[in-house]
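Colleague: Pasting query_28.cif below, which is mmCIF, C-alpha atoms.
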data_my_file
#
loop_
_atom_site.label_atom_id
_atom_site.label_comp_id
_atom_site.auth_asym_id
_atom_site.auth_seq_id
_atom_site.Cartn_x
_atom_site.Cartn_y
_atom_site.Cartn_z
CA MET A 1 -37.66 299.20 221.22
CA THR A 2 -35.46 299.80 218.14
CA ASN A 3 -34.16 303.19 217.08
CA GLU A 4 -36.32 303.03 213.95
CA TRP A 5 -39.51 302.64 216.00
CA MET A 6 -38.42 305.43 218.33
CA HIS A 7 -37.93 307.66 215.30
CA ARG A 8 -41.40 306.80 213.99
CA LEU A 9 -42.99 307.54 217.36
CA ARG A 10 -41.26 310.92 217.45
CA VAL A 11 -42.51 311.72 213.96
CA TRP A 12 -46.08 310.79 214.85
CA GLY A 13 -45.79 312.75 218.09
CA VAL A 14 -44.72 315.87 216.21
CA LEU A 15 -47.54 315.49 213.67
CA ILE A 16 -50.21 314.92 216.32
CA GLY A 17 -48.89 317.85 218.34
CA PHE A 18 -48.95 320.10 215.29
CA PHE A 19 -52.56 319.31 214.42
CA ALA A 20 -53.64 319.57 218.06
CA LEU A 21 -52.02 323.01 218.32
CA TRP A 22 -53.73 324.01 215.07
CA GLN A 23 -57.11 322.80 216.33
CA PHE A 24 -56.92 324.56 219.69
CA GLY A 25 -55.41 327.69 218.15
CA VAL A 26 -58.34 328.12 215.78
CA MET A 27 -60.82 327.39 218.55
CA ALA A 28 -59.14 329.98 220.79
CA PHE A 29 -58.71 332.84 218.31
CA HIS A 30 -61.79 332.19 216.10
CA PRO A 31 -60.44 333.24 212.67
CA PRO A 32 -63.04 333.19 209.87
CA ALA A 33 -63.57 329.69 208.47
CA TYR A 34 -62.73 330.87 204.95
CA LEU A 35 -59.26 331.87 206.20
CA LEU A 36 -58.28 328.90 208.35
CA PRO A 37 -60.53 325.91 209.07
CA THR A 38 -59.86 323.48 211.91
CA PRO A 39 -58.35 320.03 211.21
CA SER A 40 -61.63 318.50 212.40
CA ALA A 41 -63.52 320.53 209.76
CA ILE A 42 -61.09 319.30 207.11
CA VAL A 43 -61.66 315.68 208.16
CA THR A 44 -65.43 316.22 208.17
CA GLU A 45 -65.30 317.72 204.69
CA PHE A 46 -63.38 314.70 203.39
CA LEU A 47 -65.74 312.22 205.07
CA ASP A 48 -68.77 313.92 203.50
CA ASP A 49 -67.75 312.49 200.11
CA PRO A 50 -64.52 310.48 200.34
CA LEU A 51 -65.03 308.66 197.03
CA TRP A 52 -65.21 311.98 195.17
CA TYR A 53 -61.92 313.12 196.66
CA LEU A 54 -60.24 309.75 196.12
CA ASN A 55 -61.38 309.68 192.49
CA HIS A 56 -59.71 313.03 191.86
CA SER A 57 -56.66 311.84 193.81
CA MET A 58 -56.28 308.78 191.60
CA ILE A 59 -56.36 310.98 188.49
CA THR A 60 -53.48 313.05 189.84
CA VAL A 61 -51.52 310.06 191.16
CA GLY A 62 -52.02 308.20 187.88
CA ALA A 63 -50.58 311.09 185.86
CA THR A 64 -47.72 311.34 188.38
CA LEU A 65 -46.82 307.65 188.13
CA ALA A 66 -47.04 307.62 184.35
CA GLY A 67 -44.83 310.69 184.03
CA PHE A 68 -42.38 309.26 186.56
CA ALA A 69 -42.22 305.92 184.74
CA PHE A 70 -41.45 307.60 181.41
CA ALA A 71 -38.84 309.80 183.11
CA LEU A 72 -37.21 306.75 184.71
CA VAL A 73 -36.94 304.72 181.51
CA ILE A 74 -35.94 307.55 179.19
CA GLY A 75 -33.72 309.17 181.82
CA ALA A 76 -31.78 305.95 182.47
CA LEU A 77 -31.28 305.37 178.73
CA ALA A 78 -30.22 308.99 178.24
CA ALA A 79 -27.73 308.68 181.10
CA VAL A 80 -26.13 305.63 179.50
CA GLY A 81 -25.87 307.45 176.18
CA ILE A 82 -24.34 310.53 177.84
CA VAL A 83 -21.74 308.44 179.66
CA PHE A 84 -20.66 306.50 176.57
CA SER A 85 -20.97 309.21 173.91
CA ARG A 86 -19.16 312.55 173.95
CA LEU A 87 -21.55 313.79 171.25
CA LEU A 88 -24.60 313.10 173.43
CA GLU A 89 -22.83 314.59 176.42
CA SER A 90 -22.24 317.86 174.59
CA THR A 91 -25.68 318.01 172.94
CA LEU A 92 -28.33 316.06 174.86
CA PHE A 93 -27.05 316.96 178.31
CA THR A 94 -26.80 320.63 177.37
CA LEU A 95 -30.38 320.51 176.05
CA LEU A 96 -31.59 318.95 179.29
CA VAL A 97 -29.84 321.61 181.34
CA THR A 98 -31.47 324.32 179.23
CA LEU A 99 -34.93 322.76 179.53
CA ASN A 100 -34.49 322.35 183.26
CA SER A 101 -33.68 326.06 183.55
CA VAL A 102 -37.07 327.01 182.08
CA PRO A 103 -39.90 327.15 184.67
CA LYS A 104 -42.17 324.24 183.83
CA ILE A 105 -45.29 326.27 184.52
CA ALA A 106 -44.25 328.40 181.52
CA LEU A 107 -44.17 325.29 179.31
CA ALA A 108 -47.45 323.86 180.61
CA PRO A 109 -49.69 325.95 178.29
CA LEU A 110 -47.78 324.60 175.27
CA PHE A 111 -48.46 321.00 176.29
CA ILE A 112 -52.13 321.87 176.79
CA ILE A 113 -52.25 323.34 173.25
CA TRP A 114 -50.42 320.35 171.75
CA MET A 115 -52.10 317.51 173.70
CA GLY A 116 -55.37 318.93 174.99
CA THR A 117 -56.71 319.05 178.53
CA GLY A 118 -56.71 315.30 179.09
CA ALA A 119 -54.23 313.07 180.90
CA ALA A 120 -51.59 313.18 178.14
CA SER A 121 -50.58 316.79 178.77
CA LYS A 122 -50.33 316.21 182.55
CA ILE A 123 -48.18 313.13 182.01
CA ALA A 124 -45.91 315.05 179.63
CA ILE A 125 -45.39 317.89 182.10
CA SER A 126 -44.82 315.42 184.93
CA PHE A 127 -42.29 313.55 182.78
CA LEU A 128 -40.40 316.70 181.82
CA ILE A 129 -40.08 318.04 185.34
CA ALA A 130 -38.90 314.67 186.74
CA LEU A 131 -36.47 313.78 183.95
CA PHE A 132 -33.50 315.96 184.88
CA ALA A 133 -33.10 314.63 188.44
CA ILE A 134 -32.94 311.05 187.17
CA VAL A 135 -30.48 311.82 184.38
CA VAL A 136 -28.08 313.78 186.61
CA ASP A 137 -27.94 311.17 189.37
CA ALA A 138 -27.76 308.24 186.95
CA VAL A 139 -24.86 309.86 185.06
CA LEU A 140 -23.05 310.47 188.36
CA GLY A 141 -23.54 306.85 189.41
CA LEU A 142 -22.39 305.41 186.09
CA ARG A 143 -19.26 307.56 186.20
CA SER A 144 -18.42 306.88 189.86
CA VAL A 145 -16.92 303.47 189.20
CA ASP A 146 -13.39 302.75 190.37
CA PRO A 147 -11.18 303.02 187.22
CA ASP A 148 -9.17 300.03 188.42
CA ALA A 149 -12.31 297.91 188.41
CA VAL A 150 -13.08 299.01 184.85
CA ASP A 151 -9.54 298.15 183.77
CA LEU A 152 -9.84 294.75 185.47
CA PHE A 153 -13.06 294.00 183.57
CA ALA A 154 -11.34 294.97 180.30
CA ALA A 155 -8.29 292.83 181.11
CA MET A 156 -10.54 289.84 181.74
CA GLY A 157 -12.13 290.27 178.32
CA GLY A 158 -15.32 291.97 179.41
CA THR A 159 -17.16 293.87 176.69
CA ARG A 160 -18.49 297.41 177.16
CA LEU A 161 -22.00 295.97 177.51
CA GLN A 162 -20.87 293.52 180.19
CA THR A 163 -19.01 296.29 182.02
CA LEU A 164 -22.14 298.42 181.90
CA TRP A 165 -24.49 295.70 183.09
CA ARG A 166 -22.32 293.99 185.72
CA LEU A 167 -20.21 296.86 187.04
CA ARG A 168 -21.53 300.32 186.22
CA MET A 169 -25.25 299.63 186.69
CA PRO A 170 -24.95 298.05 190.18
CA ASN A 171 -22.69 300.95 191.19
CA ALA A 172 -25.20 303.46 189.82
CA LEU A 173 -28.27 301.99 191.56
CA PRO A 174 -27.96 303.95 194.85
CA TYR A 175 -27.44 307.17 192.87
CA LEU A 176 -30.38 306.33 190.61
CA PHE A 177 -32.68 305.73 193.56
CA SER A 178 -31.55 309.01 195.07
CA GLY A 179 -32.64 310.73 191.86
CA MET A 180 -35.88 308.74 191.81
CA LYS A 181 -36.84 309.93 195.30
CA VAL A 182 -36.44 313.52 194.13
CA ALA A 183 -38.12 312.81 190.80
CA ILE A 184 -41.27 311.24 192.25
CA SER A 185 -41.97 314.41 194.22
CA LEU A 186 -41.22 316.56 191.17
CA ALA A 187 -43.51 314.38 189.06
CA LEU A 188 -46.36 315.14 191.46
CA VAL A 189 -45.57 318.85 191.18
CA GLY A 190 -45.66 318.53 187.39
CA ALA A 191 -49.04 316.81 187.41
CA ILE A 192 -50.50 319.53 189.64
CA ALA A 193 -48.96 322.26 187.48
CA GLY A 194 -50.69 320.79 184.44
CA GLU A 195 -54.01 320.59 186.29
CA PHE A 196 -53.68 324.20 187.38
CA VAL A 197 -53.35 325.35 183.77
CA ALA A 198 -56.29 323.38 182.36
CA SER A 199 -58.10 320.33 183.66
CA GLU A 200 -61.49 318.88 184.38
CA GLN A 201 -60.33 316.31 186.97
CA GLY A 202 -57.62 315.88 189.56
CA LEU A 203 -56.68 317.54 192.83
CA GLY A 204 -55.36 320.59 191.01
CA HIS A 205 -58.81 321.04 189.48
CA VAL A 206 -60.38 320.63 192.94
CA ILE A 207 -58.14 323.36 194.36
CA LEU A 208 -58.89 325.81 191.54
CA GLN A 209 -62.61 325.13 191.69
CA ALA A 210 -62.71 325.58 195.48
CA GLU A 211 -60.57 328.71 195.31
CA GLY A 212 -63.06 330.41 193.03
CA SER A 213 -65.86 329.94 195.55
CA PHE A 214 -63.71 330.52 198.69
CA GLU A 215 -64.22 326.94 199.89
CA THR A 216 -61.00 326.95 201.90
CA THR A 217 -61.79 323.71 203.71
CA ARG A 218 -61.99 321.88 200.38
CA VAL A 219 -58.63 323.40 199.37
CA PHE A 220 -57.09 322.11 202.58
CA VAL A 221 -58.50 318.62 201.97
CA ALA A 222 -56.84 318.55 198.54
CA ILE A 223 -53.55 319.83 200.00
CA VAL A 224 -53.58 317.21 202.77
CA LEU A 225 -54.27 314.47 200.21
CA LEU A 226 -51.40 315.72 198.06
CA GLY A 227 -49.10 315.61 201.06
CA LEU A 228 -50.29 312.14 201.99
CA PHE A 229 -49.93 310.63 198.53
CA GLY A 230 -46.62 312.41 197.96
CA THR A 231 -45.28 310.88 201.16
CA LEU A 232 -46.55 307.41 200.23
CA LEU A 233 -44.94 307.63 196.79
CA PHE A 234 -41.62 308.73 198.29
CA TYR A 235 -41.55 305.85 200.76
CA ALA A 236 -42.60 303.41 198.04
CA VAL A 237 -39.45 304.37 196.14
CA GLU A 238 -37.41 304.04 199.34
CA TRP A 239 -38.89 300.57 199.92
CA ALA A 240 -37.93 299.58 196.37
CA GLU A 241 -34.42 300.88 197.08
CA GLN A 242 -34.14 298.65 200.14
CA LEU A 243 -35.13 295.63 198.03
CA ALA A 244 -32.77 296.48 195.16
CA CYS A 245 -29.72 297.67 197.16
CA PRO A 246 -29.64 295.72 200.47
CA TRP A 247 -25.84 295.65 200.20
CA HIS A 248 -25.38 299.42 200.18
CA VAL A 249 -24.06 301.09 203.34
CA SER A 250 -26.99 303.54 203.44
CA ILE A 251 -29.41 300.57 203.69
CA ARG A 252 -27.33 298.41 206.02
CA GLY A 253 -26.92 301.35 208.37
CA LYS A 254 -30.66 301.90 208.89
CA GLY A 255 -31.86 301.24 212.38
CA ARG A 256 -28.48 301.79 213.98
CA ALA A 257 -27.85 304.46 216.56
#
Show this structure as structure tokens.
Modeller:
Amino acid sequence: MTNEWMHRLRVWGVLIGFFALWQFGVMAFHPPAYLLPTPSAIVTEFLDDPLWYLNHSMITVGATLAGFAFALVIGALAAVGIVFSRLLESTLFTLLVTLNSVPKIALAPLFIIWMGTGAASKIAISFLIALFAIVVDAVLGLRSVDPDAVDLFAAMGGTRLQTLWRLRMPNALPYLFSGMKVAISLALVGAIAGEFVASEQGLGHVILQAEGSFETTRVFVAIVLLGLFGTLLFYAVEWAEQLACPWHVSIRGKGRA
């Protein structure tokens, strides 16, 4: 059995042990159901109407993916501009740092006012909260090229565009994917933050609605679904990284002791 499979078995063992301890702990100490339901009650609540929960999940995941996609495209372009332009480095990068310093939940009401309570405001918040991680890691990757390699490209007649595409971008890919793995989780946080402020659909809406009526089991279902979809999105990015960067040492080293 490979080390990777052993690691997966350990992870599943820890998760199963955690939920078993939770189940037996609640059964032993009998806390009120509105404070802490059992895992079996959470599963039962989900199975009572799975399509309803999945519909709300898809609303949240859709806003997350859209915001992440915008952050990826605009963040990568902004990183290129920052690396090649001192003006953009001193203006755009400073602006991004300032925006990142502002709690996004404080900006969420503005997006609701500007864009309404539909998907657009959730996508905008998701985009904004994910953008900085992508820009920072992409800039680091584009700048982490061996200067001798850059000089060699220039000596061989390579243009700045060719140097960017054939040298800097491949070097920046592992850094970019590192930022993407952080950004996809932040994008989910942004989508939920927008739904908390104002929404009629989504898991954030489910949590707020259940909170008002003390339906704790329903809150836990939404939280578990958020954790599940957040994990799936993270590993989807990691899978894409393995396809795009099979040559990188962090990928080649997987599965080794």
Colleague: Starting from the PyMOL selection byres ((chain A and resi 61) around 12), expand the selection into actual residues of this file and give them as a PDB file with C-alpha atoms, in the frame of the given file.
Modeller:
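Saved result, result.pdb, follows:
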ATOM      1  CA  LEU A  54     -60.240 309.750 196.120  1.00  0.00           C
ATOM      2  CA  ASN A  55     -61.380 309.680 192.490  1.00  0.00           C
ATOM      3  CA  HIS A  56     -59.710 313.030 191.860  1.00  0.00           C
ATOM      4  CA  SER A  57     -56.660 311.840 193.810  1.00  0.00           C
ATOM      5  CA  MET A  58     -56.280 308.780 191.600  1.00  0.00           C
ATOM      6  CA  ILE A  59     -56.360 310.980 188.490  1.00  0.00           C
ATOM      7  CA  THR A  60     -53.480 313.050 189.840  1.00  0.00           C
ATOM      8  CA  GLY A  62     -52.020 308.200 187.880  1.00  0.00           C
ATOM      9  CA  ALA A  63     -50.580 311.090 185.860  1.00  0.00           C
ATOM     10  CA  THR A  64     -47.720 311.340 188.380  1.00  0.00           C
ATOM     11  CA  LEU A  65     -46.820 307.650 188.130  1.00  0.00           C
ATOM     12  CA  ALA A  66     -47.040 307.620 184.350  1.00  0.00           C
ATOM     13  CA  GLY A  67     -44.830 310.690 184.030  1.00  0.00           C
ATOM     14  CA  PHE A  68     -42.380 309.260 186.560  1.00  0.00           C
ATOM     15  CA  ALA A 119     -54.230 313.070 180.900  1.00  0.00           C
ATOM     16  CA  LYS A 122     -50.330 316.210 182.550  1.00  0.00           C
ATOM     17  CA  ILE A 123     -48.180 313.130 182.010  1.00  0.00           C
ATOM     18  CA  SER A 126     -44.820 315.420 184.930  1.00  0.00           C
ATOM     19  CA  ILE A 184     -41.270 311.240 192.250  1.00  0.00           C
ATOM     20  CA  SER A 185     -41.970 314.410 194.220  1.00  0.00           C
ATOM     21  CA  ALA A 187     -43.510 314.380 189.060  1.00  0.00           C
ATOM     22  CA  LEU A 188     -46.360 315.140 191.460  1.00  0.00           C
ATOM     23  CA  VAL A 189     -45.570 318.850 191.180  1.00  0.00           C
ATOM     24  CA  GLY A 190     -45.660 318.530 187.390  1.00  0.00           C
ATOM     25  CA  ALA A 191     -49.040 316.810 187.410  1.00  0.00           C
ATOM     26  CA  ILE A 192     -50.500 319.530 189.640  1.00  0.00           C
ATOM     27  CA  GLU A 195     -54.010 320.590 186.290  1.00  0.00           C
ATOM     28  CA  GLN A 201     -60.330 316.310 186.970  1.00  0.00           C
ATOM     29  CA  GLY A 202     -57.620 315.880 189.560  1.00  0.00           C
ATOM     30  CA  LEU A 203     -56.680 317.540 192.830  1.00  0.00           C
ATOM     31  CA  GLY A 204     -55.360 320.590 191.010  1.00  0.00           C
ATOM     32  CA  LEU A 225     -54.270 314.470 200.210  1.00  0.00           C
ATOM     33  CA  LEU A 226     -51.400 315.720 198.060  1.00  0.00           C
ATOM     34  CA  GLY A 227     -49.100 315.610 201.060  1.00  0.00           C
ATOM     35  CA  LEU A 228     -50.290 312.140 201.990  1.00  0.00           C
ATOM     36  CA  PHE A 229     -49.930 310.630 198.530  1.00  0.00           C
ATOM     37  CA  GLY A 230     -46.620 312.410 197.960  1.00  0.00           C
ATOM     38  CA  THR A 231     -45.280 310.880 201.160  1.00  0.00           C
ATOM     39  CA  LEU A 232     -46.550 307.410 200.230  1.00  0.00           C
ATOM     40  CA  LEU A 233     -44.940 307.630 196.790  1.00  0.00           C
TER      41      LEU A 233
END
Colleague: Would you pick out the contacts of Val182 of chain A at 12 Å or less, using only C-alpha atoms, so that residues sharing its chain but fewer than 5 positions from it are not included, and give the list as a PyMOL selection string?
Modeller: chain A and resi 68+71-72+129-137+175-177+187-189+230-231+233-235+237-238
Colleague: Where does the PyMOL selection byres ((chain A and resi 31-46) around 12) land in this file, that is, which residues does it pick, as number ranges by chain?
Modeller: A: 15-16, 18-30, 47-54, 210-225
Colleague: Calculated over all atoms listed in the file, which of the candidates A:Leu161, A:Ala154, A:Met180, A:Met169 has the smallest distance to Ala236 of chain A?
Modeller: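 Selected residue with least distance to Ala236 of chain A: A:Met180.
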Colleague: Restrict the calculation to all atoms listed in the file, then for each residue of segment 47-116 of chain A with any atom at most 9 Å from an atom of segment 141-146 of chain A give the closest atom pair and their distance in Å to one decimal, rows by chain and rising residue number, as a Markdown table.
Modeller:
| residue | atom | partner | partner_atom | distance |
| --- | --- | --- | --- | --- |
| A:Ala79 | CA | A:Leu142 | CA | 8.0 |
| A:Val80 | CA | A:Leu142 | CA | 7.6 |
| A:Val83 | CA | A:Arg143 | CA | 7.0 |
Colleague: Save the residues we just selected, C-alpha atoms, as a compact mmCIF listing (two decimals), in the coordinates of the input?
Modeller:
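File written: part-v1.txt
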# COMPACT_ATOMS: atom_id res chain seq x y z
CA ALA A 79 -27.73 308.68 181.10
CA VAL A 80 -26.13 305.63 179.50
CA VAL A 83 -21.74 308.44 179.66
Colleague: Quick one, how far is atom CA of Trp5 of chain A from atom CA of Glu241 of chain A?
Modeller: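 Calculated distance between atom CA of Trp5 of chain A and atom CA of Glu241 of chain A is 19.7 Å.
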Colleague: Which residue, A:Trp247, A:Trp165, A:Phe127, A:Phe70, has the smallest gap to Ala108 of chain A when you use all atoms listed in the file?
Modeller: A:Phe127
Colleague: Would you list the contacts of Phe93 of chain A as a PyMOL selection string, taking every protein, DNA or RNA residue within 12 Å and counting only C-alpha atoms, but skipping same-chain residues closer than 2 positions in sequence?
Modeller: chain A and resi 75+78-83+85-91+95-100+131-132+135-136+139
Colleague: Using only C-alpha atoms, find the one residue out of A:Ala172, A:Ile125, A:Val150, A:Val197 that sits nearest to Ala76 of chain A.
Modeller: A:Ala172
Colleague: Give me the box for segment 98-113 of chain A as JSON, namely the centre and edge lengths in Å to one decimal of a box along x, y and z that holds every listed atom plus 4 Å on each side.
Modeller:
{"center_x": -41.9, "center_y": 324.7, "center_z": 179.0, "size_x": 28.8, "size_y": 15.4, "size_z": 19.4}
Colleague: What is the atom CA of Pro109 of chain A-atom CA of Leu92 of chain A distance in Å, reported with one decimal?
Modeller: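 Atom-to-atom, atom CA of Pro109 of chain A to atom CA of Leu92 of chain A, that is 23.8 Å.
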Colleague: What separation in Å, quoted to one decimal, exists between atom CA of Ser199 of chain A and atom CA of Ile112 of chain A?
Modeller: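 Between atom CA of Ser199 of chain A and atom CA of Ile112 of chain A the gap works out to 9.2 Å.
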Colleague: For a quick check of understanding, using only C-alpha atoms, which of A:Ile105, A:Gln209, A:Phe84, A:Ala183 has the smallest distance to Arg160 of chain A?
Modeller: A:Phe84
Colleague: Give the answer as one residue: which of A:Ala138, A:Ala149, A:Val206, A:Met156 has the shortest atom-to-atom distance to Val73 of chain A, using all atoms listed in the file?
Modeller: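 Of A:Ala138, A:Ala149, A:Val206, A:Met156, the one nearest Val73 of chain A is A:Ala138, counting all atoms listed in the file.
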